[in-house]
Amino acid sequence: MGQVADRQLAPPRRIPPPRRPLPPRARRRLRRIRALARALLRRPYWDPPDSSYVVRRWPGLTAICCATLFFWLSLTPSLVPRPWLLQGVIGGITAAIGYAIGALAEWLVRLTVRPVRRRLRSRGRGNRRPRPHLRARAWLTYYALSTVATIAALSWSADAQRELRRLQEMPETLTWHSLMIAAVALAICGALVALGRTVRLGTRVLIRLLGRFVPRPVAIGVSLLVSAMVVVFGTRDVVFDRGVIDVAAYLAQNTDKSTKDGITRPRTPLVSGSAASLVDWDELGYEGRNFTGSSLTSRQITSVTGRWAIQPIRVYVGQESASTFTARARLAVRELERTGAFDRSVLAIAGTTGRGWVNSTDAEPLEYIHGGDTAIVAVQYSYLPSWASFLVDKEEAGRATRALVDAVRARLREQPAERRPELVVFGESLGAYGIEAAFDGPDDMLSKVDGAVLAGSPNFSPLRRELTAHRDPESPIWRPEYEDGRHFRFAQWPEEDLARPGPASSWEKPRVVYLQNASDAIVWWSPGLALNPPRWLREPLGPDITDEVNWFPLVTFWQTTVDMAVSYGVGAPHGHRYGNGSVEAWAAVAPSEGWTDADTERLRRFMDGREAPY
């Protein structure tokens, strides 16, 4: 009775009201959401009954993880600060490379595990695949961790870019659109992956078609060969030779026929393109007209140096003036003879870049230092921009410059020894490469010229590579010392670096100065960056390179490639900007009689725009 009473005293159990059924439209939406979640998380497979391989509906987790990892690595700093848009581009390219590596790894694993699966099936032990809920948990883990890690990586990357800007004397303010970087990278990566999958699908279709007529191994080999040829030749011939390069050539050819605003035909007969010149004004090309049309006058030189000066000579031969390098060199020598260049105190041969550009900040200091008693000669070998010339005809820079050097030296040998001018050479970027390619080695250069100033020589420049490879063991690669600086010296800040490794008294003539910035991507770029760590990333690092920079396979290659495109966006002496460093270089290589350090400082301050002339 007591138990019955206890049960009667217990509070009645509440029964929940029945659930109201969902409307038909809501039920359909819920089913769609569940189906989408099931497709994203469970990653279904489809086993065709007529095939022995598995076709995936979605990318593999390994490939996606590798793509994400490579994107994180692309956010690490490199040589120069990058804008957010280019960061997105490089992030997309490197993510696509990571995806390809991950997909290849997955394929190799499946190829290895497939015989084991067949054996297990034959023994009745099943497929041994991961269960759906395990795959779903793996994807959920990836989504959660990758989102947090990507946000942290983008934030850290912005801080590293600000530190790099500080080292290179740029404002530390930085616009870093993290969301846009991720969106651009995702779009580029998706496009590249879709392109790769299209090629793979086409290869499979070709294998299936050929398999009807030939054995399967033969069909596979032929299909892979055809696909490789289509990709290689299509990329080279269609995209570059008939696409990008053709467009660049068309635009460059039209630009070469134009003239910069403010440039007019020179009146002095001592400059090419004048009425008395053997080279017509219209044949000089865009850069040739800029070089000759902006020639200094004796009055300008006197107003800066405070000394008596004469009109300097500038000779330039355009690509349209003669059909071959030898013919252009001979025409240049005849033009030098017409202007009386072999009677000047200094005769300088300038290396030109693809468009025929000669940097005025490299030429003018020599004319100021010698009071205009100089002659500068250059020839154009191409009208393409430097990047296109690098891809197509960079070897022509060496051939054109060698022909000019040989022709000028042959004419100088006809001159009495006591009346020969001092022969010097100079160039920047591809122009420096052209100068180097005109000689067979360091000793050959020293035996043929009286001095040289070379700025930003590319990595493939032969002389600089030899000097760097045989540098003194204690010197870093970004500031190499060759034979204790007896003839060759490298400098980023010439007023300080040229005093090392020894005093000026130990610096013998002829002297060669290399202006080389530790953060210049054009100096360090090479295809080997894709697989081999470079020496310029070893300790000690250059003075304008952040400690956060590291080498990663493939990633550093693309980072340095992008750095070449933005290396002009920093101030001198950083990136590929050398400013007025040639003032100290020329003062050390080919000073005039009575020229002092005070004169060098005054000229430097004037060219920097910090001091007015006399």
# chains A, B, ... in the order shown; residues from 1 in each chain; ligands from 1

$ select_by_dssp --residues "range 505-561 of chain A" --states "strand (DSSP E)" --output "list in words"
Arg511, Val512, Val513, Tyr514 and Leu515 of chain A

$ closest_residue --among "A:Gly609, A:Gly202, A:Gly579, A:Pro115" --to "Val230 in chain A" --atoms "only C-alpha atoms"
A:Gly202

$ residues_around --residues "range 185-189 of chain A" --least-positions-apart "3" --cutoff "10 Å" --atoms "only C-alpha atoms" --output "mmCIF file with all heavy atoms, in the first residue's frame"
data_model
loop_
_atom_site.group_PDB
_atom_site.id
_atom_site.type_symbol
_atom_site.label_atom_id
_atom_site.label_comp_id
_atom_site.auth_asym_id
_atom_site.auth_seq_id
_atom_site.Cartn_x
_atom_site.Cartn_y
_atom_site.Cartn_z
ATOM 1 N N ALA A 67 47.586 22.294 -51.565
ATOM 2 C CA ALA A 67 47.325 23.609 -52.151
ATOM 3 C C ALA A 67 47.252 24.686 -51.068
ATOM 4 O O ALA A 67 47.805 25.784 -51.220
ATOM 5 C CB ALA A 67 46.031 23.577 -52.959
ATOM 6 N N THR A 68 46.583 24.378 -49.979
ATOM 7 C CA THR A 68 46.485 25.337 -48.874
ATOM 8 C C THR A 68 47.846 25.614 -48.259
ATOM 9 O O THR A 68 48.194 26.763 -47.952
ATOM 10 C CB THR A 68 45.518 24.812 -47.807
ATOM 11 O OG1 THR A 68 44.276 24.483 -48.417
ATOM 12 C CG2 THR A 68 45.280 25.859 -46.738
ATOM 13 N N PHE A 71 49.814 27.847 -50.473
ATOM 14 C CA PHE A 71 49.318 29.227 -50.391
ATOM 15 C C PHE A 71 49.875 29.922 -49.156
ATOM 16 O O PHE A 71 50.269 31.089 -49.216
ATOM 17 C CB PHE A 71 47.796 29.224 -50.367
ATOM 18 C CG PHE A 71 47.202 30.579 -50.102
ATOM 19 C CD1 PHE A 71 47.255 31.590 -51.052
ATOM 20 C CD2 PHE A 71 46.601 30.862 -48.874
ATOM 21 C CE1 PHE A 71 46.726 32.841 -50.809
ATOM 22 C CE2 PHE A 71 46.068 32.109 -48.618
ATOM 23 C CZ PHE A 71 46.128 33.098 -49.590
ATOM 24 N N LEU A 85 47.610 42.728 -54.867
ATOM 25 C CA LEU A 85 47.133 42.051 -56.065
ATOM 26 C C LEU A 85 48.151 41.024 -56.558
ATOM 27 O O LEU A 85 47.798 39.877 -56.886
ATOM 28 C CB LEU A 85 46.841 43.077 -57.161
ATOM 29 C CG LEU A 85 46.305 42.508 -58.482
ATOM 30 C CD1 LEU A 85 45.030 41.723 -58.246
ATOM 31 C CD2 LEU A 85 46.075 43.620 -59.497
ATOM 32 N N LEU A 86 49.413 41.408 -56.610
ATOM 33 C CA LEU A 86 50.434 40.463 -57.030
ATOM 34 C C LEU A 86 50.591 39.334 -56.018
ATOM 35 O O LEU A 86 50.933 38.205 -56.378
ATOM 36 C CB LEU A 86 51.763 41.175 -57.238
ATOM 37 C CG LEU A 86 51.865 42.004 -58.523
ATOM 38 C CD1 LEU A 86 53.216 42.679 -58.620
ATOM 39 C CD2 LEU A 86 51.621 41.137 -59.748
ATOM 40 N N GLN A 87 50.359 39.629 -54.744
ATOM 41 C CA GLN A 87 50.389 38.568 -53.745
ATOM 42 C C GLN A 87 49.289 37.544 -54.021
ATOM 43 O O GLN A 87 49.493 36.340 -53.875
ATOM 44 C CB GLN A 87 50.224 39.156 -52.349
ATOM 45 C CG GLN A 87 50.165 38.116 -51.244
ATOM 46 C CD GLN A 87 51.401 37.245 -51.205
ATOM 47 O OE1 GLN A 87 52.496 37.749 -50.986
ATOM 48 N NE2 GLN A 87 51.239 35.947 -51.421
ATOM 49 N N GLY A 88 48.126 38.020 -54.425
ATOM 50 C CA GLY A 88 47.064 37.092 -54.787
ATOM 51 C C GLY A 88 47.423 36.249 -56.003
ATOM 52 O O GLY A 88 47.134 35.052 -56.055
ATOM 53 N N VAL A 89 48.086 36.872 -56.989
ATOM 54 C CA VAL A 89 48.492 36.131 -58.191
ATOM 55 C C VAL A 89 49.491 35.037 -57.838
ATOM 56 O O VAL A 89 49.348 33.870 -58.243
ATOM 57 C CB VAL A 89 49.082 37.095 -59.235
ATOM 58 C CG1 VAL A 89 49.694 36.321 -60.398
ATOM 59 C CG2 VAL A 89 48.010 38.047 -59.746
ATOM 60 N N ILE A 90 50.518 35.414 -57.092
ATOM 61 C CA ILE A 90 51.536 34.419 -56.740
ATOM 62 C C ILE A 90 50.954 33.353 -55.821
ATOM 63 O O ILE A 90 51.325 32.172 -55.893
ATOM 64 C CB ILE A 90 52.761 35.100 -56.101
ATOM 65 C CG1 ILE A 90 53.927 34.110 -56.018
ATOM 66 C CG2 ILE A 90 52.471 35.642 -54.726
ATOM 67 C CD1 ILE A 90 55.205 34.757 -55.553
ATOM 68 N N GLY A 91 50.003 33.735 -54.956
ATOM 69 C CA GLY A 91 49.358 32.747 -54.105
ATOM 70 C C GLY A 91 48.559 31.742 -54.909
ATOM 71 O O GLY A 91 48.573 30.537 -54.622
ATOM 72 N N GLY A 92 47.849 32.203 -55.946
ATOM 73 C CA GLY A 92 47.088 31.290 -56.783
ATOM 74 C C GLY A 92 47.972 30.336 -57.569
ATOM 75 O O GLY A 92 47.665 29.140 -57.691
ATOM 76 N N ILE A 93 49.094 30.848 -58.102
ATOM 77 C CA ILE A 93 49.994 29.987 -58.877
ATOM 78 C C ILE A 93 50.622 28.925 -57.985
ATOM 79 O O ILE A 93 50.658 27.738 -58.332
ATOM 80 C CB ILE A 93 51.073 30.842 -59.560
ATOM 81 C CG1 ILE A 93 50.431 31.755 -60.616
ATOM 82 C CG2 ILE A 93 52.129 29.961 -60.208
ATOM 83 C CD1 ILE A 93 51.394 32.721 -61.251
ATOM 84 N N THR A 94 51.113 29.344 -56.828
ATOM 85 C CA THR A 94 51.759 28.376 -55.943
ATOM 86 C C THR A 94 50.744 27.382 -55.366
ATOM 87 O O THR A 94 51.074 26.213 -55.164
ATOM 88 C CB THR A 94 52.477 29.102 -54.799
ATOM 89 O OG1 THR A 94 51.578 30.029 -54.176
ATOM 90 C CG2 THR A 94 53.680 29.870 -55.314
ATOM 91 N N ALA A 95 49.517 27.830 -55.115
ATOM 92 C CA ALA A 95 48.481 26.889 -54.642
ATOM 93 C C ALA A 95 48.175 25.846 -55.712
ATOM 94 O O ALA A 95 47.974 24.659 -55.396
ATOM 95 C CB ALA A 95 47.221 27.651 -54.252
ATOM 96 N N ALA A 96 48.133 26.262 -56.966
ATOM 97 C CA ALA A 96 47.901 25.303 -58.043
ATOM 98 C C ALA A 96 49.046 24.300 -58.142
ATOM 99 O O ALA A 96 48.824 23.103 -58.398
ATOM 100 C CB ALA A 96 47.728 26.041 -59.372
ATOM 101 N N ILE A 97 50.278 24.774 -57.935
ATOM 102 C CA ILE A 97 51.420 23.845 -57.929
ATOM 103 C C ILE A 97 51.283 22.853 -56.779
ATOM 104 O O ILE A 97 51.510 21.648 -56.940
ATOM 105 C CB ILE A 97 52.736 24.643 -57.825
ATOM 106 C CG1 ILE A 97 52.944 25.484 -59.083
ATOM 107 C CG2 ILE A 97 53.920 23.704 -57.621
ATOM 108 C CD1 ILE A 97 54.134 26.413 -58.994
ATOM 109 N N GLY A 98 50.906 23.343 -55.591
ATOM 110 C CA GLY A 98 50.702 22.445 -54.465
ATOM 111 C C GLY A 98 49.597 21.446 -54.724
ATOM 112 O O GLY A 98 49.698 20.269 -54.343
ATOM 113 N N TYR A 99 48.524 21.886 -55.369
ATOM 114 C CA TYR A 99 47.429 20.967 -55.693
ATOM 115 C C TYR A 99 47.928 19.860 -56.624
ATOM 116 O O TYR A 99 47.586 18.673 -56.440
ATOM 117 C CB TYR A 99 46.287 21.729 -56.352
ATOM 118 C CG TYR A 99 45.111 20.869 -56.715
ATOM 119 C CD1 TYR A 99 44.066 20.675 -55.827
ATOM 120 C CD2 TYR A 99 45.055 20.234 -57.954
ATOM 121 C CE1 TYR A 99 42.988 19.866 -56.163
ATOM 122 C CE2 TYR A 99 43.988 19.427 -58.293
ATOM 123 C CZ TYR A 99 42.958 19.250 -57.392
ATOM 124 O OH TYR A 99 41.907 18.446 -57.725
ATOM 125 N N LEU A 179 41.095 39.654 -47.667
ATOM 126 C CA LEU A 179 40.005 38.934 -48.314
ATOM 127 C C LEU A 179 40.196 38.892 -49.821
ATOM 128 O O LEU A 179 39.973 37.856 -50.467
ATOM 129 C CB LEU A 179 38.670 39.593 -47.959
ATOM 130 C CG LEU A 179 37.413 38.919 -48.530
ATOM 131 C CD1 LEU A 179 37.309 37.483 -48.022
ATOM 132 C CD2 LEU A 179 36.163 39.712 -48.173
ATOM 133 N N MET A 180 40.647 40.004 -50.405
ATOM 134 C CA MET A 180 40.860 40.041 -51.847
ATOM 135 C C MET A 180 42.041 39.164 -52.259
ATOM 136 O O MET A 180 42.031 38.551 -53.327
ATOM 137 C CB MET A 180 41.080 41.478 -52.297
ATOM 138 C CG MET A 180 39.865 42.369 -52.157
ATOM 139 S SD MET A 180 38.461 41.748 -53.094
ATOM 140 C CE MET A 180 39.106 41.793 -54.762
ATOM 141 N N ILE A 181 43.064 39.098 -51.415
ATOM 142 C CA ILE A 181 44.200 38.208 -51.714
ATOM 143 C C ILE A 181 43.716 36.764 -51.798
ATOM 144 O O ILE A 181 44.060 36.028 -52.738
ATOM 145 C CB ILE A 181 45.288 38.361 -50.634
ATOM 146 C CG1 ILE A 181 45.964 39.725 -50.747
ATOM 147 C CG2 ILE A 181 46.326 37.251 -50.752
ATOM 148 C CD1 ILE A 181 46.944 40.008 -49.634
ATOM 149 N N ALA A 182 42.921 36.352 -50.811
ATOM 150 C CA ALA A 182 42.404 34.989 -50.823
ATOM 151 C C ALA A 182 41.490 34.752 -52.021
ATOM 152 O O ALA A 182 41.540 33.675 -52.645
ATOM 153 C CB ALA A 182 41.659 34.717 -49.515
ATOM 154 N N LEU A 192 43.573 27.371 -63.019
ATOM 155 C CA LEU A 192 44.686 26.504 -63.405
ATOM 156 C C LEU A 192 44.347 25.030 -63.180
ATOM 157 O O LEU A 192 44.688 24.173 -64.000
ATOM 158 C CB LEU A 192 45.937 26.888 -62.618
ATOM 159 C CG LEU A 192 46.527 28.270 -62.929
ATOM 160 C CD1 LEU A 192 47.711 28.559 -62.015
ATOM 161 C CD2 LEU A 192 46.955 28.348 -64.388
ATOM 162 N N VAL A 193 43.680 24.727 -62.067
ATOM 163 C CA VAL A 193 43.287 23.339 -61.808
ATOM 164 C C VAL A 193 42.276 22.869 -62.849
ATOM 165 O O VAL A 193 42.358 21.729 -63.352
ATOM 166 C CB VAL A 193 42.714 23.205 -60.386
ATOM 167 C CG1 VAL A 193 42.077 21.840 -60.191
ATOM 168 C CG2 VAL A 193 43.820 23.412 -59.363
ATOM 169 N N ALA A 194 41.314 23.729 -63.205
ATOM 170 C CA ALA A 194 40.341 23.358 -64.234
ATOM 171 C C ALA A 194 41.030 23.104 -65.572
ATOM 172 O O ALA A 194 40.674 22.166 -66.299
ATOM 173 C CB ALA A 194 39.294 24.464 -64.373
ATOM 174 N N LEU A 195 42.022 23.920 -65.888
ATOM 175 C CA LEU A 195 42.768 23.707 -67.130
ATOM 176 C C LEU A 195 43.514 22.373 -67.105
ATOM 177 O O LEU A 195 43.514 21.618 -68.083
ATOM 178 C CB LEU A 195 43.745 24.863 -67.336
ATOM 179 C CG LEU A 195 44.596 24.821 -68.606
ATOM 180 C CD1 LEU A 195 43.706 24.862 -69.840
ATOM 181 C CD2 LEU A 195 45.580 25.992 -68.626
#

$ residues_around --residues "Glu436 in chain A" --least-positions-apart "2" --cutoff "10 Å" --atoms "only C-alpha atoms" --output "PDB file with N, CA, C and O atoms, in the first residue's frame"
ATOM      1  N   GLY A 351      76.206  49.900 -73.031  1.00  0.00           N
ATOM      2  CA  GLY A 351      75.346  48.777 -73.354  1.00  0.00           C
ATOM      3  C   GLY A 351      73.890  49.183 -73.241  1.00  0.00           C
ATOM      4  O   GLY A 351      73.504  49.909 -72.314  1.00  0.00           O
ATOM      5  N   ALA A 397      72.097  40.955 -77.394  1.00  0.00           N
ATOM      6  CA  ALA A 397      72.720  42.081 -76.701  1.00  0.00           C
ATOM      7  C   ALA A 397      74.231  41.904 -76.665  1.00  0.00           C
ATOM      8  O   ALA A 397      74.995  42.853 -76.902  1.00  0.00           O
ATOM      9  N   GLY A 398      74.693  40.673 -76.377  1.00  0.00           N
ATOM     10  CA  GLY A 398      76.118  40.407 -76.351  1.00  0.00           C
ATOM     11  C   GLY A 398      76.745  40.503 -77.725  1.00  0.00           C
ATOM     12  O   GLY A 398      77.847  41.045 -77.882  1.00  0.00           O
ATOM     13  N   THR A 401      76.966  44.280 -78.769  1.00  0.00           N
ATOM     14  CA  THR A 401      77.969  45.017 -78.008  1.00  0.00           C
ATOM     15  C   THR A 401      79.376  44.545 -78.351  1.00  0.00           C
ATOM     16  O   THR A 401      80.306  45.359 -78.440  1.00  0.00           O
ATOM     17  N   ARG A 402      79.558  43.240 -78.562  1.00  0.00           N
ATOM     18  CA  ARG A 402      80.889  42.741 -78.942  1.00  0.00           C
ATOM     19  C   ARG A 402      81.313  43.317 -80.295  1.00  0.00           C
ATOM     20  O   ARG A 402      82.476  43.697 -80.482  1.00  0.00           O
ATOM     21  N   VAL A 425      83.580  51.364 -70.419  1.00  0.00           N
ATOM     22  CA  VAL A 425      82.291  50.776 -70.794  1.00  0.00           C
ATOM     23  C   VAL A 425      81.352  50.879 -69.598  1.00  0.00           C
ATOM     24  O   VAL A 425      81.788  50.901 -68.443  1.00  0.00           O
ATOM     25  N   PHE A 426      80.063  50.927 -69.881  1.00  0.00           N
ATOM     26  CA  PHE A 426      79.076  50.938 -68.800  1.00  0.00           C
ATOM     27  C   PHE A 426      77.747  50.426 -69.329  1.00  0.00           C
ATOM     28  O   PHE A 426      77.493  50.386 -70.539  1.00  0.00           O
ATOM     29  N   GLY A 427      76.887  50.028 -68.396  1.00  0.00           N
ATOM     30  CA  GLY A 427      75.559  49.535 -68.753  1.00  0.00           C
ATOM     31  C   GLY A 427      74.783  49.174 -67.512  1.00  0.00           C
ATOM     32  O   GLY A 427      75.350  49.007 -66.426  1.00  0.00           O
ATOM     33  N   LEU A 430      70.090  44.586 -68.654  1.00  0.00           N
ATOM     34  CA  LEU A 430      70.489  43.880 -69.867  1.00  0.00           C
ATOM     35  C   LEU A 430      71.645  44.573 -70.575  1.00  0.00           C
ATOM     36  O   LEU A 430      72.427  43.928 -71.280  1.00  0.00           O
ATOM     37  N   GLY A 431      71.764  45.883 -70.388  1.00  0.00           N
ATOM     38  CA  GLY A 431      72.905  46.592 -70.939  1.00  0.00           C
ATOM     39  C   GLY A 431      74.203  46.139 -70.300  1.00  0.00           C
ATOM     40  O   GLY A 431      75.239  46.007 -70.966  1.00  0.00           O
ATOM     41  N   ALA A 432      74.171  45.873 -68.983  1.00  0.00           N
ATOM     42  CA  ALA A 432      75.360  45.351 -68.303  1.00  0.00           C
ATOM     43  C   ALA A 432      75.684  43.948 -68.796  1.00  0.00           C
ATOM     44  O   ALA A 432      76.864  43.596 -68.980  1.00  0.00           O
ATOM     45  N   TYR A 433      74.655  43.137 -69.019  1.00  0.00           N
ATOM     46  CA  TYR A 433      74.895  41.805 -69.567  1.00  0.00           C
ATOM     47  C   TYR A 433      75.539  41.902 -70.942  1.00  0.00           C
ATOM     48  O   TYR A 433      76.468  41.143 -71.264  1.00  0.00           O
ATOM     49  N   GLY A 434      75.057  42.822 -71.789  1.00  0.00           N
ATOM     50  CA  GLY A 434      75.641  42.984 -73.115  1.00  0.00           C
ATOM     51  C   GLY A 434      77.110  43.357 -73.056  1.00  0.00           C
ATOM     52  O   GLY A 434      77.928  42.854 -73.837  1.00  0.00           O
ATOM     53  N   ALA A 438      80.516  40.832 -74.170  1.00  0.00           N
ATOM     54  CA  ALA A 438      81.461  41.269 -75.199  1.00  0.00           C
ATOM     55  C   ALA A 438      82.889  40.864 -74.887  1.00  0.00           C
ATOM     56  O   ALA A 438      83.778  41.054 -75.727  1.00  0.00           O
ATOM     57  N   PHE A 439      83.119  40.299 -73.689  1.00  0.00           N
ATOM     58  CA  PHE A 439      84.472  39.903 -73.285  1.00  0.00           C
ATOM     59  C   PHE A 439      84.470  38.432 -72.899  1.00  0.00           C
ATOM     60  O   PHE A 439      83.442  37.869 -72.512  1.00  0.00           O
ATOM     61  N   ASP A 440      85.648  37.818 -72.976  1.00  0.00           N
ATOM     62  CA  ASP A 440      85.781  36.392 -72.720  1.00  0.00           C
ATOM     63  C   ASP A 440      86.042  36.068 -71.260  1.00  0.00           C
ATOM     64  O   ASP A 440      86.107  34.895 -70.894  1.00  0.00           O
ATOM     65  N   GLY A 441      86.205  37.065 -70.424  1.00  0.00           N
ATOM     66  CA  GLY A 441      86.457  36.833 -69.011  1.00  0.00           C
ATOM     67  C   GLY A 441      86.956  38.088 -68.340  1.00  0.00           C
ATOM     68  O   GLY A 441      87.173  39.123 -68.990  1.00  0.00           O
ATOM     69  N   PRO A 442      87.146  38.055 -67.024  1.00  0.00           N
ATOM     70  CA  PRO A 442      87.628  39.247 -66.314  1.00  0.00           C
ATOM     71  C   PRO A 442      88.969  39.756 -66.833  1.00  0.00           C
ATOM     72  O   PRO A 442      89.150  40.967 -67.008  1.00  0.00           O
ATOM     73  N   MET A 445      88.535  41.584 -70.116  1.00  0.00           N
ATOM     74  CA  MET A 445      88.008  42.931 -69.942  1.00  0.00           C
ATOM     75  C   MET A 445      89.099  43.890 -69.481  1.00  0.00           C
ATOM     76  O   MET A 445      89.227  45.014 -70.006  1.00  0.00           O
ATOM     77  N   ALA A 452      85.183  50.250 -66.055  1.00  0.00           N
ATOM     78  CA  ALA A 452      83.805  49.859 -66.334  1.00  0.00           C
ATOM     79  C   ALA A 452      82.942  50.149 -65.118  1.00  0.00           C
ATOM     80  O   ALA A 452      83.393  50.032 -63.971  1.00  0.00           O
ATOM     81  N   LEU A 454      79.080  48.869 -64.059  1.00  0.00           N
ATOM     82  CA  LEU A 454      77.983  47.985 -64.430  1.00  0.00           C
ATOM     83  C   LEU A 454      76.990  47.921 -63.273  1.00  0.00           C
ATOM     84  O   LEU A 454      77.387  47.661 -62.131  1.00  0.00           O
ATOM     85  N   SER A 457      73.609  43.769 -62.915  1.00  0.00           N
ATOM     86  CA  SER A 457      73.848  42.705 -63.901  1.00  0.00           C
ATOM     87  C   SER A 457      72.963  41.506 -63.589  1.00  0.00           C
ATOM     88  O   SER A 457      72.940  41.027 -62.453  1.00  0.00           O
ATOM     89  N   SER A 461      74.697  36.870 -66.285  1.00  0.00           N
ATOM     90  CA  SER A 461      75.841  37.613 -66.812  1.00  0.00           C
ATOM     91  C   SER A 461      77.120  36.817 -66.557  1.00  0.00           C
ATOM     92  O   SER A 461      77.414  36.452 -65.411  1.00  0.00           O
ATOM     93  N   PRO A 462      77.922  36.551 -67.580  1.00  0.00           N
ATOM     94  CA  PRO A 462      79.042  35.610 -67.420  1.00  0.00           C
ATOM     95  C   PRO A 462      80.151  36.105 -66.507  1.00  0.00           C
ATOM     96  O   PRO A 462      80.659  35.343 -65.677  1.00  0.00           O
ATOM     97  N   LEU A 463      80.545  37.373 -66.625  1.00  0.00           N
ATOM     98  CA  LEU A 463      81.661  37.863 -65.817  1.00  0.00           C
ATOM     99  C   LEU A 463      81.295  37.931 -64.345  1.00  0.00           C
ATOM    100  O   LEU A 463      82.078  37.527 -63.476  1.00  0.00           O
ATOM    101  N   ARG A 464      80.128  38.442 -64.046  1.00  0.00           N
ATOM    102  CA  ARG A 464      79.720  38.555 -62.649  1.00  0.00           C
ATOM    103  C   ARG A 464      79.602  37.186 -61.999  1.00  0.00           C
ATOM    104  O   ARG A 464      79.961  37.001 -60.835  1.00  0.00           O
TER     105      ARG A 464
END

$ residues_around --residues "Glu287 in chain A" --least-positions-apart "4" --cutoff "7 Å" --atoms "only C-alpha atoms" --output "PyMOL selection string"
chain A and resi 291+355-357

$ residues_around --residues "Pro494 in chain A" --least-positions-apart "5" --cutoff "12 Å" --atoms "only C-alpha atoms" --output "PyMOL selection string"
chain A and resi 453+455+479+489+499-500+513-517+572-573+578-589+600-601+604

$ select_by_dssp --residues "range 323-421 of chain A" --states "alpha helix (DSSP H)" --output "PyMOL selection string"
chain A and resi 325-339+360-369+386-392+394-413

$ atom_distance --atom1 "CA of Ala437 in chain A" --atom2 "CA of Tyr316 in chain A"
19.9 Å

$ atom_distance --atom1 "CA of Gln311 in chain A" --atom2 "CA of Thr297 in chain A"
5.3 Å

$ closest_residue --among "A:Pro81, A:Gln161, A:Arg119, A:Gly60" --to "Arg135 in chain A" --atoms "only C-alpha atoms"
A:Gly60

$ atom_distance --atom1 "CA of Ile477 in chain A" --atom2 "CA of Pro534 in chain A"
10.0 Å

$ residues_around --residues "Thr259 in chain A" --least-positions-apart "5" --cutoff "9 Å" --atoms "only C-alpha atoms" --output "list in words"
Thr264, Gly285, Tyr286, Glu287, Arg289 and Asn290 of chain A

$ write_last_selection --atoms "C-alpha atoms" --output "compact mmCIF listing (two decimals), in the first residue's frame"
# COMPACT_ATOMS: atom_id res chain seq x y z
CA THR A 264 63.44 67.65 -80.16
CA GLY A 285 64.26 54.79 -82.39
CA TYR A 286 62.37 55.97 -79.32
CA GLU A 287 65.20 55.50 -76.81
CA ARG A 289 66.00 59.99 -79.73
CA ASN A 290 65.62 60.35 -75.97

$ closest_residue --among "A:Arg471, A:Arg267, A:Arg399, A:Arg204" --to "Phe325 in chain A" --atoms "only C-alpha atoms"
A:Arg399

$ decode --residues "range 445-476 of chain A" --atoms "C-alpha atoms" --output "PDB file, in the first residue's frame"
ATOM      1  CA  MET A 445      88.008  42.931 -69.942  1.00  0.00           C
ATOM      2  CA  LEU A 446      90.945  44.344 -68.003  1.00  0.00           C
ATOM      3  CA  SER A 447      93.193  43.989 -71.051  1.00  0.00           C
ATOM      4  CA  LYS A 448      90.815  45.762 -73.433  1.00  0.00           C
ATOM      5  CA  VAL A 449      89.271  48.660 -71.473  1.00  0.00           C
ATOM      6  CA  ASP A 450      90.428  51.229 -68.933  1.00  0.00           C
ATOM      7  CA  GLY A 451      87.424  50.944 -66.644  1.00  0.00           C
ATOM      8  CA  ALA A 452      83.805  49.859 -66.334  1.00  0.00           C
ATOM      9  CA  VAL A 453      80.658  50.695 -64.346  1.00  0.00           C
ATOM     10  CA  LEU A 454      77.983  47.985 -64.430  1.00  0.00           C
ATOM     11  CA  ALA A 455      74.700  48.213 -62.529  1.00  0.00           C
ATOM     12  CA  GLY A 456      72.229  45.428 -61.782  1.00  0.00           C
ATOM     13  CA  SER A 457      73.848  42.705 -63.901  1.00  0.00           C
ATOM     14  CA  PRO A 458      71.381  39.809 -64.316  1.00  0.00           C
ATOM     15  CA  ASN A 459      72.147  36.423 -62.828  1.00  0.00           C
ATOM     16  CA  PHE A 460      73.121  34.972 -66.212  1.00  0.00           C
ATOM     17  CA  SER A 461      75.841  37.613 -66.812  1.00  0.00           C
ATOM     18  CA  PRO A 462      79.042  35.610 -67.420  1.00  0.00           C
ATOM     19  CA  LEU A 463      81.661  37.863 -65.817  1.00  0.00           C
ATOM     20  CA  ARG A 464      79.720  38.555 -62.649  1.00  0.00           C
ATOM     21  CA  ARG A 465      79.001  34.849 -62.188  1.00  0.00           C
ATOM     22  CA  GLU A 466      82.702  34.054 -62.539  1.00  0.00           C
ATOM     23  CA  LEU A 467      83.698  36.783 -60.089  1.00  0.00           C
ATOM     24  CA  THR A 468      81.082  35.597 -57.603  1.00  0.00           C
ATOM     25  CA  ALA A 469      82.005  31.935 -57.940  1.00  0.00           C
ATOM     26  CA  HIS A 470      85.706  32.674 -57.297  1.00  0.00           C
ATOM     27  CA  ARG A 471      85.204  35.328 -54.634  1.00  0.00           C
ATOM     28  CA  ASP A 472      87.283  35.438 -51.474  1.00  0.00           C
ATOM     29  CA  PRO A 473      85.917  32.849 -49.001  1.00  0.00           C
ATOM     30  CA  GLU A 474      85.100  35.310 -46.217  1.00  0.00           C
ATOM     31  CA  SER A 475      82.966  37.597 -48.387  1.00  0.00           C
ATOM     32  CA  PRO A 476      79.174  37.113 -48.769  1.00  0.00           C
TER      33      PRO A 476
END
